[in-house]
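Coordinates as given in target_9.txt (compact mmCIF, C-alpha atoms):
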# COMPACT_ATOMS: atom_id res chain seq x y z
CA MET W 1 2.17 -61.84 -30.43
CA THR W 2 -1.42 -60.55 -30.42
CA TYR W 3 -0.86 -59.03 -26.98
CA LEU W 4 2.23 -57.22 -28.24
CA LYS W 5 0.31 -55.72 -31.18
CA LEU W 6 -2.47 -54.70 -28.79
CA ALA W 7 0.04 -53.09 -26.44
CA ILE W 8 1.74 -51.17 -29.25
CA THR W 9 -1.61 -49.95 -30.59
CA VAL W 10 -2.76 -48.74 -27.18
CA ALA W 11 0.58 -47.01 -26.61
CA ALA W 12 0.41 -45.30 -30.00
CA LEU W 13 -3.13 -44.05 -29.42
CA GLY W 14 -2.31 -42.82 -25.93
CA SER W 15 0.68 -40.76 -27.04
CA SER W 16 -0.79 -39.23 -30.15
CA THR W 17 -1.51 -35.49 -30.07
CA PRO W 18 -4.86 -34.10 -31.14
CA ALA W 19 -5.12 -33.13 -34.78
CA PHE W 20 -6.81 -29.76 -34.18
CA ALA W 21 -4.77 -26.55 -33.70
CA GLN W 22 -4.28 -24.93 -30.25
CA ASP W 23 -6.65 -21.98 -29.67
CA ASP W 24 -4.85 -18.70 -30.39
CA PHE W 25 -6.15 -15.96 -28.09
CA SER W 26 -3.58 -13.32 -28.98
CA GLY W 27 -6.12 -11.13 -30.81
CA THR W 28 -8.55 -11.36 -27.91
CA LEU W 29 -5.89 -10.38 -25.41
CA LYS W 30 -4.69 -7.47 -27.55
CA ALA W 31 -8.26 -6.23 -27.90
CA ARG W 32 -9.12 -6.22 -24.23
CA GLN W 33 -5.71 -5.00 -23.06
CA GLY W 34 -5.99 -2.32 -25.73
CA GLN W 35 -9.28 -1.08 -24.35
CA PHE W 36 -7.65 -0.57 -20.95
CA GLN W 37 -4.75 1.28 -22.63
CA ILE W 38 -7.25 3.62 -24.27
CA MET W 39 -8.81 4.23 -20.86
CA ALA W 40 -5.37 5.00 -19.39
CA LEU W 41 -4.49 7.44 -22.18
CA ASN W 42 -7.70 9.39 -21.78
CA LEU W 43 -7.69 9.27 -18.00
CA GLY W 44 -4.16 10.59 -18.31
CA ILE W 45 -5.32 13.64 -20.24
CA LEU W 46 -8.03 14.35 -17.68
CA GLY W 47 -5.92 13.45 -14.67
CA ASN W 48 -2.94 15.54 -15.72
CA MET W 49 -5.24 18.52 -16.22
CA ALA W 50 -6.73 17.91 -12.76
CA ARG W 51 -3.23 17.66 -11.24
CA GLY W 52 -2.10 20.85 -12.93
CA ARG W 53 0.50 19.08 -15.06
CA MET W 54 -1.27 19.99 -18.30
CA ASP W 55 -3.14 23.22 -19.10
CA TYR W 56 -6.88 22.77 -18.84
CA ASP W 57 -8.54 22.72 -22.26
CA ALA W 58 -12.31 22.27 -22.21
CA ASP W 59 -12.52 20.75 -25.69
CA ALA W 60 -9.69 18.28 -25.11
CA ALA W 61 -11.17 17.34 -21.72
CA GLN W 62 -14.60 16.78 -23.26
CA ALA W 63 -13.15 14.65 -26.05
CA ALA W 64 -11.27 12.50 -23.55
CA ALA W 65 -14.36 12.08 -21.40
CA ASP W 66 -16.49 11.23 -24.44
CA THR W 67 -13.92 8.59 -25.38
CA LEU W 68 -14.16 7.00 -21.94
CA VAL W 69 -17.92 6.77 -22.33
CA ALA W 70 -17.44 5.22 -25.76
CA VAL W 71 -15.08 2.59 -24.33
CA SER W 72 -17.61 1.81 -21.60
CA GLN W 73 -20.10 0.92 -24.32
CA ILE W 74 -17.88 -1.73 -25.96
CA GLN W 75 -19.47 -5.18 -25.79
CA GLN W 76 -17.33 -7.16 -23.36
CA ALA W 77 -18.51 -10.74 -23.94
CA PRO W 78 -16.55 -11.47 -27.15
CA MET W 79 -13.30 -10.38 -25.47
CA TRP W 80 -13.59 -12.70 -22.46
CA PRO W 81 -14.04 -16.25 -23.86
CA GLU W 82 -13.70 -19.24 -21.52
CA GLY W 83 -10.13 -20.42 -21.19
CA THR W 84 -8.46 -16.99 -21.26
CA ASP W 85 -7.85 -16.59 -17.51
CA ASN W 86 -4.35 -16.47 -16.04
CA ALA W 87 -4.57 -20.07 -14.85
CA ALA W 88 -5.23 -21.32 -18.37
CA ILE W 89 -2.95 -19.17 -20.54
CA GLU W 90 0.07 -16.89 -20.40
CA GLY W 91 0.06 -13.19 -21.15
CA THR W 92 -2.98 -12.16 -19.16
CA ARG W 93 -3.64 -10.97 -15.62
CA ALA W 94 -7.32 -11.89 -15.84
CA GLN W 95 -8.30 -13.84 -12.73
CA PRO W 96 -10.59 -16.91 -13.00
CA THR W 97 -13.05 -14.93 -10.84
CA ILE W 98 -14.05 -13.00 -13.98
CA TRP W 99 -15.83 -16.17 -15.06
CA ALA W 100 -16.57 -17.71 -11.66
CA GLU W 101 -18.07 -14.44 -10.39
CA ASN W 102 -19.17 -13.10 -13.74
CA ALA W 103 -22.10 -11.10 -12.40
CA ASP W 104 -19.74 -9.21 -10.09
CA PHE W 105 -17.32 -8.57 -12.98
CA LEU W 106 -20.09 -7.16 -15.18
CA GLU W 107 -21.34 -5.03 -12.30
CA LYS W 108 -17.83 -3.61 -11.87
CA TRP W 109 -17.68 -2.95 -15.63
CA ALA W 110 -20.99 -1.11 -15.40
CA GLY W 111 -19.48 0.94 -12.56
CA PHE W 112 -16.84 2.18 -14.97
CA GLY W 113 -19.61 3.30 -17.32
CA GLU W 114 -21.34 5.20 -14.53
CA GLY W 115 -18.08 6.88 -13.56
CA ALA W 116 -17.37 7.81 -17.18
CA LEU W 117 -20.76 9.53 -17.43
CA VAL W 118 -19.92 11.60 -14.33
CA ILE W 119 -16.70 12.84 -15.93
CA GLN W 120 -18.46 13.43 -19.24
CA ALA W 121 -20.95 15.73 -17.53
CA ALA W 122 -18.22 17.70 -15.75
CA ALA W 123 -15.27 17.72 -18.15
CA GLY W 124 -16.15 20.85 -20.13
CA ASN W 125 -17.14 22.89 -17.09
CA GLY W 126 -13.74 23.92 -15.81
CA LEU W 127 -11.02 22.60 -13.57
CA GLU W 128 -12.92 22.82 -10.26
CA ALA W 129 -15.58 20.46 -11.61
CA LEU W 130 -13.08 18.06 -13.16
CA GLY W 131 -11.01 17.10 -10.09
CA PRO W 132 -13.81 15.64 -7.96
CA ALA W 133 -15.43 14.09 -11.05
CA MET W 134 -12.42 11.77 -11.41
CA GLY W 135 -13.26 10.07 -8.11
CA PRO W 136 -16.01 7.63 -9.17
CA VAL W 137 -14.12 6.29 -12.17
CA GLY W 138 -10.94 5.82 -10.13
CA GLY W 139 -12.99 3.92 -7.59
CA SER W 140 -14.47 1.73 -10.33
CA CYS W 141 -11.04 0.81 -11.69
CA LYS W 142 -9.86 -0.18 -8.21
CA ALA W 143 -13.02 -2.10 -7.42
CA CYS W 144 -12.63 -4.41 -10.39
CA HIS W 145 -8.85 -4.81 -10.15
CA ASP W 146 -9.21 -5.68 -6.47
CA ASN W 147 -10.57 -9.16 -7.22
CA HIS W 148 -10.34 -9.70 -10.94
CA ARG W 149 -6.81 -8.71 -11.92
CA ALA W 150 -3.64 -10.42 -10.67
CA PRO W 151 -0.50 -8.47 -9.70
CA ALA W 152 2.03 -7.96 -12.47
CA ASN W 153 4.93 -10.36 -12.87
CA MET M 1 17.93 -48.34 36.36
CA SER M 2 21.40 -47.51 35.09
CA ARG M 3 23.03 -44.28 36.07
CA GLY M 4 23.52 -43.37 32.41
CA LEU M 5 19.81 -43.70 31.73
CA ILE M 6 18.92 -41.49 34.69
CA LEU M 7 21.46 -38.82 33.70
CA GLY M 8 20.38 -38.98 30.08
CA THR M 9 16.73 -38.56 31.00
CA ALA M 10 17.54 -35.65 33.30
CA ALA M 11 19.54 -33.96 30.54
CA LEU M 12 16.68 -34.44 28.10
CA VAL M 13 14.15 -32.98 30.52
CA ALA M 14 16.48 -30.02 31.13
CA CYS M 15 16.82 -29.41 27.38
CA VAL M 16 13.09 -29.58 26.82
CA ALA M 17 12.45 -27.22 29.73
CA ALA M 18 15.04 -24.77 28.42
CA GLY M 19 13.53 -24.99 24.96
CA LEU M 20 10.04 -24.35 26.27
CA PHE M 21 11.35 -21.43 28.29
CA VAL M 22 13.09 -19.63 25.43
CA THR M 23 10.18 -20.17 23.05
CA ARG M 24 7.46 -18.96 25.44
CA ALA M 25 5.19 -16.06 24.57
CA VAL M 26 6.27 -12.99 26.54
CA PRO M 27 3.42 -10.59 27.35
CA GLU M 28 3.67 -6.90 28.20
CA ASP M 29 2.98 -5.72 31.74
CA GLY M 30 1.15 -2.57 30.68
CA VAL M 31 3.02 -0.35 33.16
CA SER M 32 4.06 2.25 30.57
CA LEU M 33 0.48 2.43 29.25
CA ALA M 34 -1.34 2.90 32.54
CA SER M 35 -0.84 6.65 32.83
CA LEU M 36 -1.93 7.49 29.26
CA THR M 37 -5.38 8.84 28.36
CA PRO M 38 -7.11 7.23 25.38
CA ASP M 39 -8.30 9.44 22.51
CA ALA M 40 -10.71 7.44 20.35
CA GLU M 41 -10.58 9.96 17.52
CA ARG M 42 -6.81 9.64 17.23
CA GLY M 43 -7.35 5.92 17.66
CA GLU M 44 -9.49 5.85 14.55
CA SER M 45 -6.56 7.24 12.53
CA VAL M 46 -4.32 4.54 13.95
CA PHE M 47 -6.99 1.94 13.10
CA ILE M 48 -7.12 3.17 9.49
CA ALA M 49 -3.34 3.45 9.04
CA ALA M 50 -2.74 0.02 10.58
CA GLY M 51 -5.36 -1.48 8.27
CA CYS M 52 -7.13 -3.55 10.93
CA ALA M 53 -10.41 -3.66 9.03
CA SER M 54 -8.69 -4.67 5.79
CA CYS M 55 -7.96 -8.09 7.28
CA HIS M 56 -10.47 -8.46 10.13
CA ALA M 57 -13.68 -7.22 8.47
CA ALA M 58 -15.32 -9.00 5.53
CA ASP M 59 -13.37 -8.90 2.27
CA ASP M 60 -15.93 -6.80 0.39
CA ALA M 61 -16.94 -4.62 3.33
CA GLU M 62 -17.40 -0.93 2.65
CA GLY M 63 -18.21 2.06 4.83
CA ASP M 64 -19.62 1.14 8.23
CA ALA M 65 -19.40 -2.57 7.42
CA LYS M 66 -15.64 -2.18 7.82
CA LEU M 67 -16.22 -1.66 11.53
CA ILE M 68 -17.75 -5.15 11.91
CA LEU M 69 -14.57 -6.99 12.84
CA ALA M 70 -15.99 -10.51 12.74
CA GLY M 71 -12.96 -12.03 11.00
CA GLY M 72 -13.22 -14.83 8.47
CA GLN M 73 -10.99 -13.57 5.65
CA ARG M 74 -8.65 -16.28 4.42
CA PHE M 75 -4.96 -15.72 3.65
CA PRO M 76 -3.33 -18.60 1.75
CA SER M 77 0.43 -18.89 2.21
CA ASP M 78 3.31 -21.33 1.91
CA PHE M 79 2.50 -22.50 5.44
CA GLY M 80 -1.20 -23.12 4.86
CA THR M 81 -4.20 -20.83 5.08
CA PHE M 82 -4.59 -18.35 7.92
CA VAL M 83 -8.10 -17.22 8.84
CA ALA M 84 -8.50 -13.81 10.44
CA PRO M 85 -10.10 -14.03 13.89
CA ASN M 86 -12.94 -12.00 15.40
CA ILE M 87 -11.48 -8.90 17.07
CA SER M 88 -14.78 -7.20 17.90
CA MET M 89 -15.68 -6.44 21.51
CA ASP M 90 -17.67 -9.65 21.88
CA ALA M 91 -16.89 -11.24 25.25
CA ALA M 92 -17.12 -14.84 24.08
CA HIS M 93 -15.60 -14.67 20.59
CA GLY M 94 -13.68 -11.38 20.42
CA LEU M 95 -11.68 -9.04 22.64
CA GLY M 96 -14.44 -8.21 25.09
CA GLY M 97 -13.02 -8.40 28.60
CA TRP M 98 -9.39 -7.98 27.52
CA THR M 99 -7.18 -5.58 29.43
CA LEU M 100 -5.11 -2.86 27.78
CA ALA M 101 -1.94 -4.82 28.63
CA GLU M 102 -3.35 -7.92 26.92
CA PHE M 103 -4.19 -5.88 23.83
CA ALA M 104 -0.68 -4.39 23.76
CA SER M 105 0.83 -7.86 24.20
CA ALA M 106 -1.14 -9.12 21.23
CA VAL M 107 -0.41 -6.21 18.91
CA ARG M 108 3.23 -5.57 19.77
CA GLN M 109 4.50 -8.98 20.95
CA GLY M 110 2.20 -11.45 19.19
CA ALA M 111 1.27 -12.97 22.57
CA SER M 112 -2.27 -14.05 23.48
CA PRO M 113 -3.84 -13.59 26.92
CA ASP M 114 -3.53 -17.32 27.54
CA GLY M 115 0.20 -17.26 26.84
CA ARG M 116 0.29 -18.55 23.27
CA HIS M 117 1.96 -17.11 20.20
CA TYR M 118 0.02 -15.54 17.40
CA TYR M 119 1.14 -16.45 13.91
CA PRO M 120 3.10 -13.65 12.25
CA ALA M 121 0.55 -13.45 9.46
CA PHE M 122 -0.71 -10.94 12.03
CA PRO M 123 1.97 -8.30 11.41
CA TYR M 124 3.05 -7.76 15.00
CA ALA M 125 6.66 -7.95 13.79
CA SER M 126 5.94 -4.52 12.28
CA TYR M 127 3.51 -3.27 14.95
CA THR M 128 6.13 -3.98 17.63
CA LEU M 129 7.31 -0.36 17.40
CA MET M 130 3.81 1.12 17.77
CA THR M 131 3.99 3.94 20.30
CA ASP M 132 2.39 3.54 23.72
CA GLN M 133 -0.01 6.41 22.98
CA ASP M 134 -1.08 4.86 19.68
CA VAL M 135 -1.77 1.52 21.39
CA VAL M 136 -3.86 3.27 24.04
CA ASP M 137 -5.74 5.38 21.48
CA LEU M 138 -6.36 2.37 19.23
CA TRP M 139 -7.74 0.34 22.13
CA GLY M 140 -9.98 3.28 23.06
CA PHE M 141 -11.36 3.39 19.50
CA MET M 142 -11.81 -0.36 19.20
CA GLN M 143 -13.80 -0.50 22.41
CA SER M 144 -16.35 1.81 20.76
CA LEU M 145 -16.94 -0.64 17.89
CA PRO M 146 -19.83 -3.12 17.65
CA SER M 147 -19.70 -6.61 19.20
CA VAL M 148 -20.22 -9.48 16.80
CA ALA M 149 -20.82 -13.00 18.10
CA THR M 150 -19.11 -14.82 15.21
CA PRO M 151 -16.79 -17.61 16.36
CA SER M 152 -13.25 -17.40 15.01
CA ALA M 153 -12.34 -20.23 12.63
CA GLU M 154 -9.20 -22.32 13.06
CA HIS M 155 -6.23 -21.70 10.82
CA GLU M 156 -5.50 -24.47 8.30
CA ILE M 157 -1.76 -24.78 8.66
CA VAL M 158 0.48 -27.62 7.52
CA PHE M 159 2.52 -29.66 9.99
CA PRO M 160 4.88 -28.80 11.71
CA PHE M 161 3.90 -25.12 11.61
CA ASN M 162 0.56 -25.88 13.23
CA ILE M 163 2.49 -26.33 16.47
CA ARG M 164 2.22 -22.80 17.84
CA ARG M 165 5.39 -23.14 19.89
CA THR M 166 7.41 -23.13 16.67
CA VAL M 167 6.52 -19.44 16.37
CA GLY M 168 8.70 -18.97 19.48
CA VAL M 169 11.66 -20.07 17.37
CA TRP M 170 10.53 -17.76 14.56
CA LYS M 171 10.42 -14.83 16.98
CA MET M 172 13.93 -15.62 18.25
CA LEU M 173 15.17 -15.54 14.66
CA TYR M 174 13.26 -12.56 13.35
CA ALA M 175 11.83 -10.29 16.04
CA ASN M 176 13.58 -6.96 15.72
CA ASP M 177 13.11 -3.82 17.81
CA ASP M 178 15.19 -1.60 15.55
CA TRP M 179 14.10 0.71 12.77
CA VAL M 180 15.21 -0.35 9.30
CA MET M 181 16.03 3.27 8.42
CA THR M 182 18.13 4.00 11.49
CA ASP M 183 18.58 7.72 10.78
CA ALA M 184 15.54 9.64 9.61
CA PRO M 185 16.72 13.02 8.23
CA SER M 186 13.59 15.06 9.09
CA PRO M 187 10.38 14.94 11.13
CA GLU M 188 8.46 14.29 7.92
CA VAL M 189 10.62 11.27 7.08
CA GLU M 190 10.28 10.11 10.72
CA ARG M 191 6.50 10.15 10.34
CA GLY M 192 6.86 8.35 7.00
CA ARG M 193 9.13 5.77 8.61
CA TYR M 194 6.58 5.15 11.36
CA LEU M 195 3.80 4.73 8.81
CA VAL M 196 5.79 2.50 6.44
CA GLU M 197 7.80 0.39 8.91
CA VAL M 198 5.13 0.12 11.62
CA LEU M 199 1.47 1.05 11.15
CA ALA M 200 0.94 0.42 7.44
CA HIS M 201 3.41 -2.48 7.67
CA CYS M 202 4.41 -2.09 4.01
CA GLY M 203 7.44 -4.33 4.47
CA GLU M 204 5.25 -7.35 5.18
CA CYS M 205 4.27 -7.55 1.50
CA HIS M 206 6.97 -5.54 -0.23
CA THR M 207 10.01 -7.20 1.38
CA PRO M 208 11.25 -10.64 0.29
CA ARG M 209 11.14 -13.44 2.86
CA ASP M 210 13.35 -16.48 3.41
CA ALA M 211 12.24 -20.09 3.64
CA LEU M 212 10.99 -19.73 7.23
CA GLY M 213 8.96 -16.66 6.32
CA GLY M 214 11.10 -14.00 7.98
CA MET M 215 11.53 -10.64 6.21
CA ASP M 216 14.98 -10.10 4.68
CA ARG M 217 15.62 -6.63 6.09
CA SER M 218 18.80 -6.31 4.00
CA ALA M 219 16.51 -6.29 0.94
CA TRP M 220 14.00 -3.90 2.51
CA LEU M 221 11.00 -3.13 0.28
CA SER M 222 12.73 -4.62 -2.75
CA GLY M 223 9.72 -6.66 -3.84
CA ALA M 224 8.49 -10.20 -3.25
CA PRO M 225 6.29 -12.91 -4.77
CA ASN M 226 2.60 -12.27 -4.19
CA PRO M 227 1.94 -14.20 -0.94
CA THR M 228 -1.62 -15.10 -1.89
CA GLY M 229 -1.46 -15.92 -5.58
CA ARG M 230 0.27 -15.13 -8.84
CA GLY M 231 2.55 -12.28 -9.77
CA ARG M 232 4.88 -10.08 -7.78
CA ILE M 233 4.54 -7.31 -5.24
CA PRO M 234 6.68 -4.54 -6.77
CA SER M 235 9.93 -3.14 -5.42
CA LEU M 236 9.90 0.31 -3.82
CA ALA M 237 13.68 0.41 -3.42
CA PRO M 238 15.32 3.38 -5.17
CA ALA M 239 17.26 1.08 -7.50
CA ASN M 240 13.97 -0.12 -9.04
CA PHE M 241 11.41 2.55 -8.22
CA ASP M 242 11.84 6.11 -9.47
CA TRP M 243 8.46 7.80 -9.11
CA ALA M 244 8.51 11.44 -8.06
CA ALA M 245 7.26 12.12 -4.52
CA GLU M 246 4.25 13.89 -6.01
CA ASP M 247 3.34 10.75 -7.96
CA ILE M 248 3.57 8.57 -4.85
CA VAL M 249 1.27 10.97 -3.00
CA TYR M 250 -1.26 11.00 -5.87
CA TYR M 251 -1.18 7.20 -6.10
CA LEU M 252 -1.78 6.78 -2.38
CA GLU M 253 -4.84 8.98 -2.66
CA THR M 254 -6.34 7.79 -5.96
CA GLY M 255 -4.74 4.49 -6.90
CA PHE M 256 -3.65 5.97 -10.23
CA THR M 257 -0.06 5.37 -11.34
CA PRO M 258 1.78 8.09 -13.32
CA GLU M 259 0.59 6.32 -16.51
CA PHE M 260 -2.96 6.16 -15.17
CA ASP M 261 -2.98 2.43 -14.69
CA SER M 262 -5.06 1.68 -11.61
CA VAL M 263 -4.11 -0.25 -8.49
CA GLY M 264 -5.40 -3.80 -7.97
CA GLY M 265 -5.25 -6.78 -5.64
CA HIS M 266 -4.66 -6.26 -1.93
CA MET M 267 -3.13 -2.84 -2.58
CA THR M 268 -6.61 -1.42 -3.26
CA ALA M 269 -7.39 -1.86 0.45
CA VAL M 270 -4.19 0.04 1.27
CA ILE M 271 -5.17 2.91 -1.05
CA ASP M 272 -8.68 2.98 0.48
CA ASN M 273 -7.02 3.45 3.88
CA PHE M 274 -4.41 6.01 2.80
CA ALA M 275 -7.10 8.02 1.03
CA GLN M 276 -8.73 8.59 4.43
CA LEU M 277 -5.55 9.76 6.15
CA PRO M 278 -4.40 13.39 6.04
CA ALA M 279 -2.42 14.49 2.99
CA SER M 280 0.57 15.09 5.26
CA ASP M 281 0.69 11.35 5.99
CA ARG M 282 0.75 10.48 2.29
CA GLU M 283 3.47 13.08 1.80
CA ALA M 284 5.42 11.61 4.72
CA VAL M 285 5.33 8.16 3.14
CA ALA M 286 6.59 9.62 -0.13
CA ALA M 287 9.38 11.47 1.71
CA TYR M 288 10.43 8.24 3.45
CA LEU M 289 10.52 6.27 0.20
CA LYS M 290 12.59 8.97 -1.50
CA ALA M 291 14.95 8.97 1.50
CA LEU M 292 15.71 5.25 1.28
CA PRO M 293 19.38 4.62 0.52
Would you mind writing the structure in this file as structure tokens?
Amino acid sequence: MTYLKLAITVAALGSSTPAFAQDDFSGTLKARQGQFQIMALNLGILGNMARGRMDYDADAAQAAADTLVAVSQIQQAPMWPEGTDNAAIEGTRAQPTIWAENADFLEKWAGFGEGALVIQAAAGNGLEALGPAMGPVGGSCKACHDNHRAPAN
Amino acid sequence: MSRGLILGTAALVACVAAGLFVTRAVPEDGVSLASLTPDAERGESVFIAAGCASCHAADDAEGDAKLILAGGQRFPSDFGTFVAPNISMDAAHGLGGWTLAEFASAVRQGASPDGRHYYPAFPYASYTLMTDQDVVDLWGFMQSLPSVATPSAEHEIVFPFNIRRTVGVWKMLYANDDWVMTDAPSPEVERGRYLVEVLAHCGECHTPRDALGGMDRSAWLSGAPNPTGRGRIPSLAPANFDWAAEDIVYYLETGFTPEFDSVGGHMTAVIDNFAQLPASDREAVAAYLKALP
């Protein structure tokens, strides 16, 4: 009889679920995906001017470029907690390399900042300056997405 | 011994011999190439469009480092992990000492100088329609590149696919000398077809494959699971993909989508290559994609 009680107790302990709540990362994901959306919106303003799809407007271009610089200054660490890579949770394309190769990820992030400064310096100076100035930031986006973002589903 | 046993053994030997014969690696004889003059500058364009460095140089190589073709990049797949070999001009570990015919056999037929099959992770199924002049020019360019004495690593492939002869069966099933787009409506679309179907081998990632890893040409460019990880390679078929030609051209140069998302994963290497080609080549690719049925 004792063995039966022991067996039942062990079984009950083994199948119980933890009492604490699952971590909810939805706010974190919205924040960091939102920052990339802001980049896309402002790159869109600048890019569409450079492509001739939107009339060039020096003030609007400067404001967009200033916004990119502002985004580049957002502290990244709080938005990339451990356990929010695409192997651990759904709803993100963040590769585990962001954590495993964190120095490379932060270097790529810094590259975006450098590219944003290049556009900021050129944006108000006319269309001829703007086109080539888009190059470094485009390269920085690609460089990070190459390793650290998974293809879409 | 019984007569039945002798006949049975003879039949078995005959079957094995026939099987070995039909699955052998067939090299090229180089006759059509012999009269052509190599142009290394044109060859560099072929090298860029075909993306040789994207697989055979180091993963993070940039600039001149992309000309160090030491191999080593790893490509996980359903069949195991393929490791890119050294294709520098090193005599011991690379292509030093190869003839033009041997190079053409490798690139267009997937056949090695010692008569073995290459695995179709090397996209010779696409390169098979590379023109004679492009092969000659490419070889001329590659011979100008540095030699690197890095030994090539073995592939890590699961049984039974690690038996190279099985690729002979794969080739019988899937090798195809025809264009997918059989009628190209203009010279520009013809150039786009050559870039997409052959040199840039877009179909190798963008076309779904069956269980034995052959491209399903009836679903050409209609998207596929990412071969090396999570997610999907998107469809470029007109039913799913409606970018304007201008947007395709801009994307191939900058990596920016019409919404100013930015390219990622292996496609960044493709953009890096297309950005170096003439604008007319990017426009030709766009024209081809818009001409798909």
Pick from W:Asp85, W:Glu114, W:Glu128, W:Asp55, whichever lies nearest to chain M using only C-alpha atoms:
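Between W:Asp85, W:Glu114, W:Glu128, W:Asp55, the residue approaching chain M most closely is W:Asp85.
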Just want the 7 Å neighbourhood of segment 273-289 of chain M, counted on all atoms listed in the file, with same-chain residues fewer than 2 positions away dropped. Output as a PyMOL selection string.
chain M and resi 45+48-49+51+188-189+191-193+195-196+245+248-249+252-253+269-271+291-292
Within 8 Å of chain M: residues of chain W, using only C-alpha atoms, as a PyMOL selection string
chain W and resi 40-41+43-44+47+135+138-139+141-153
What's the 10 Å shell around segment 95-106 of chain M, counting only C-alpha atoms, without same-chain residues fewer than 5 positions away, as a ChimeraX atom specification?
/M:25-34,86-90,111-118,122,124,127-128,130,132,135-136,138-140,142-143,147
Please save C-alpha atoms of the selected residues as an mmCIF file, in the coordinates of the input.
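Contents of again12.cif, as written:
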data_model
loop_
_atom_site.group_PDB
_atom_site.id
_atom_site.type_symbol
_atom_site.label_atom_id
_atom_site.label_comp_id
_atom_site.auth_asym_id
_atom_site.auth_seq_id
_atom_site.Cartn_x
_atom_site.Cartn_y
_atom_site.Cartn_z
ATOM 1 C CA ALA M 25 5.190 -16.060 24.570
ATOM 2 C CA VAL M 26 6.270 -12.990 26.540
ATOM 3 C CA PRO M 27 3.420 -10.590 27.350
ATOM 4 C CA GLU M 28 3.670 -6.900 28.200
ATOM 5 C CA ASP M 29 2.980 -5.720 31.740
ATOM 6 C CA GLY M 30 1.150 -2.570 30.680
ATOM 7 C CA VAL M 31 3.020 -0.350 33.160
ATOM 8 C CA SER M 32 4.060 2.250 30.570
ATOM 9 C CA LEU M 33 0.480 2.430 29.250
ATOM 10 C CA ALA M 34 -1.340 2.900 32.540
ATOM 11 C CA ASN M 86 -12.940 -12.000 15.400
ATOM 12 C CA ILE M 87 -11.480 -8.900 17.070
ATOM 13 C CA SER M 88 -14.780 -7.200 17.900
ATOM 14 C CA MET M 89 -15.680 -6.440 21.510
ATOM 15 C CA ASP M 90 -17.670 -9.650 21.880
ATOM 16 C CA ALA M 111 1.270 -12.970 22.570
ATOM 17 C CA SER M 112 -2.270 -14.050 23.480
ATOM 18 C CA PRO M 113 -3.840 -13.590 26.920
ATOM 19 C CA ASP M 114 -3.530 -17.320 27.540
ATOM 20 C CA GLY M 115 0.200 -17.260 26.840
ATOM 21 C CA ARG M 116 0.290 -18.550 23.270
ATOM 22 C CA HIS M 117 1.960 -17.110 20.200
ATOM 23 C CA TYR M 118 0.020 -15.540 17.400
ATOM 24 C CA PHE M 122 -0.710 -10.940 12.030
ATOM 25 C CA TYR M 124 3.050 -7.760 15.000
ATOM 26 C CA TYR M 127 3.510 -3.270 14.950
ATOM 27 C CA THR M 128 6.130 -3.980 17.630
ATOM 28 C CA MET M 130 3.810 1.120 17.770
ATOM 29 C CA ASP M 132 2.390 3.540 23.720
ATOM 30 C CA VAL M 135 -1.770 1.520 21.390
ATOM 31 C CA VAL M 136 -3.860 3.270 24.040
ATOM 32 C CA LEU M 138 -6.360 2.370 19.230
ATOM 33 C CA TRP M 139 -7.740 0.340 22.130
ATOM 34 C CA GLY M 140 -9.980 3.280 23.060
ATOM 35 C CA MET M 142 -11.810 -0.360 19.200
ATOM 36 C CA GLN M 143 -13.800 -0.500 22.410
ATOM 37 C CA SER M 147 -19.700 -6.610 19.200
#
If we count only C-alpha atoms, what is near Gln73 of chain M at a cut-off of 12 Å, once residues fewer than 6 positions away on the same chain are taken out, given as an mmCIF file with C-alpha atoms, keeping the file's coordinate frame?
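That gives us around_16.cif:
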data_model
loop_
_atom_site.group_PDB
_atom_site.id
_atom_site.type_symbol
_atom_site.label_atom_id
_atom_site.label_comp_id
_atom_site.auth_asym_id
_atom_site.auth_seq_id
_atom_site.Cartn_x
_atom_site.Cartn_y
_atom_site.Cartn_z
ATOM 1 C CA CYS M 52 -7.130 -3.550 10.930
ATOM 2 C CA ALA M 53 -10.410 -3.660 9.030
ATOM 3 C CA SER M 54 -8.690 -4.670 5.790
ATOM 4 C CA CYS M 55 -7.960 -8.090 7.280
ATOM 5 C CA HIS M 56 -10.470 -8.460 10.130
ATOM 6 C CA ALA M 57 -13.680 -7.220 8.470
ATOM 7 C CA ALA M 58 -15.320 -9.000 5.530
ATOM 8 C CA ASP M 59 -13.370 -8.900 2.270
ATOM 9 C CA ASP M 60 -15.930 -6.800 0.390
ATOM 10 C CA ALA M 61 -16.940 -4.620 3.330
ATOM 11 C CA THR M 81 -4.200 -20.830 5.080
ATOM 12 C CA PHE M 82 -4.590 -18.350 7.920
ATOM 13 C CA VAL M 83 -8.100 -17.220 8.840
ATOM 14 C CA ALA M 84 -8.500 -13.810 10.440
ATOM 15 C CA PRO M 85 -10.100 -14.030 13.890
ATOM 16 C CA ASN M 86 -12.940 -12.000 15.400
ATOM 17 C CA SER M 152 -13.250 -17.400 15.010
ATOM 18 C CA ALA M 153 -12.340 -20.230 12.630
ATOM 19 C CA GLU M 154 -9.200 -22.320 13.060
ATOM 20 C CA HIS M 155 -6.230 -21.700 10.820
#
Between M:Leu236, M:Leu67, M:Ala50, M:Leu20, single out the one closest to Trp220 of chain M, counting only C-alpha atoms.
M:Leu236
re atom CA of His93 of chain M and atom CA of Arg74 of chain M: distance 17.7 Å
So how many Å separate atom CA of Pro293 of chain M and atom CA of Asp183 of chain M, to one decimal?
10.7 Å
Residue nearest Ala175 of chain M among M:Ala125, M:Val158, M:Gly80, M:Pro187 (counting only C-alpha atoms):
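So, comparing all the options, the nearest one is M:Ala125.
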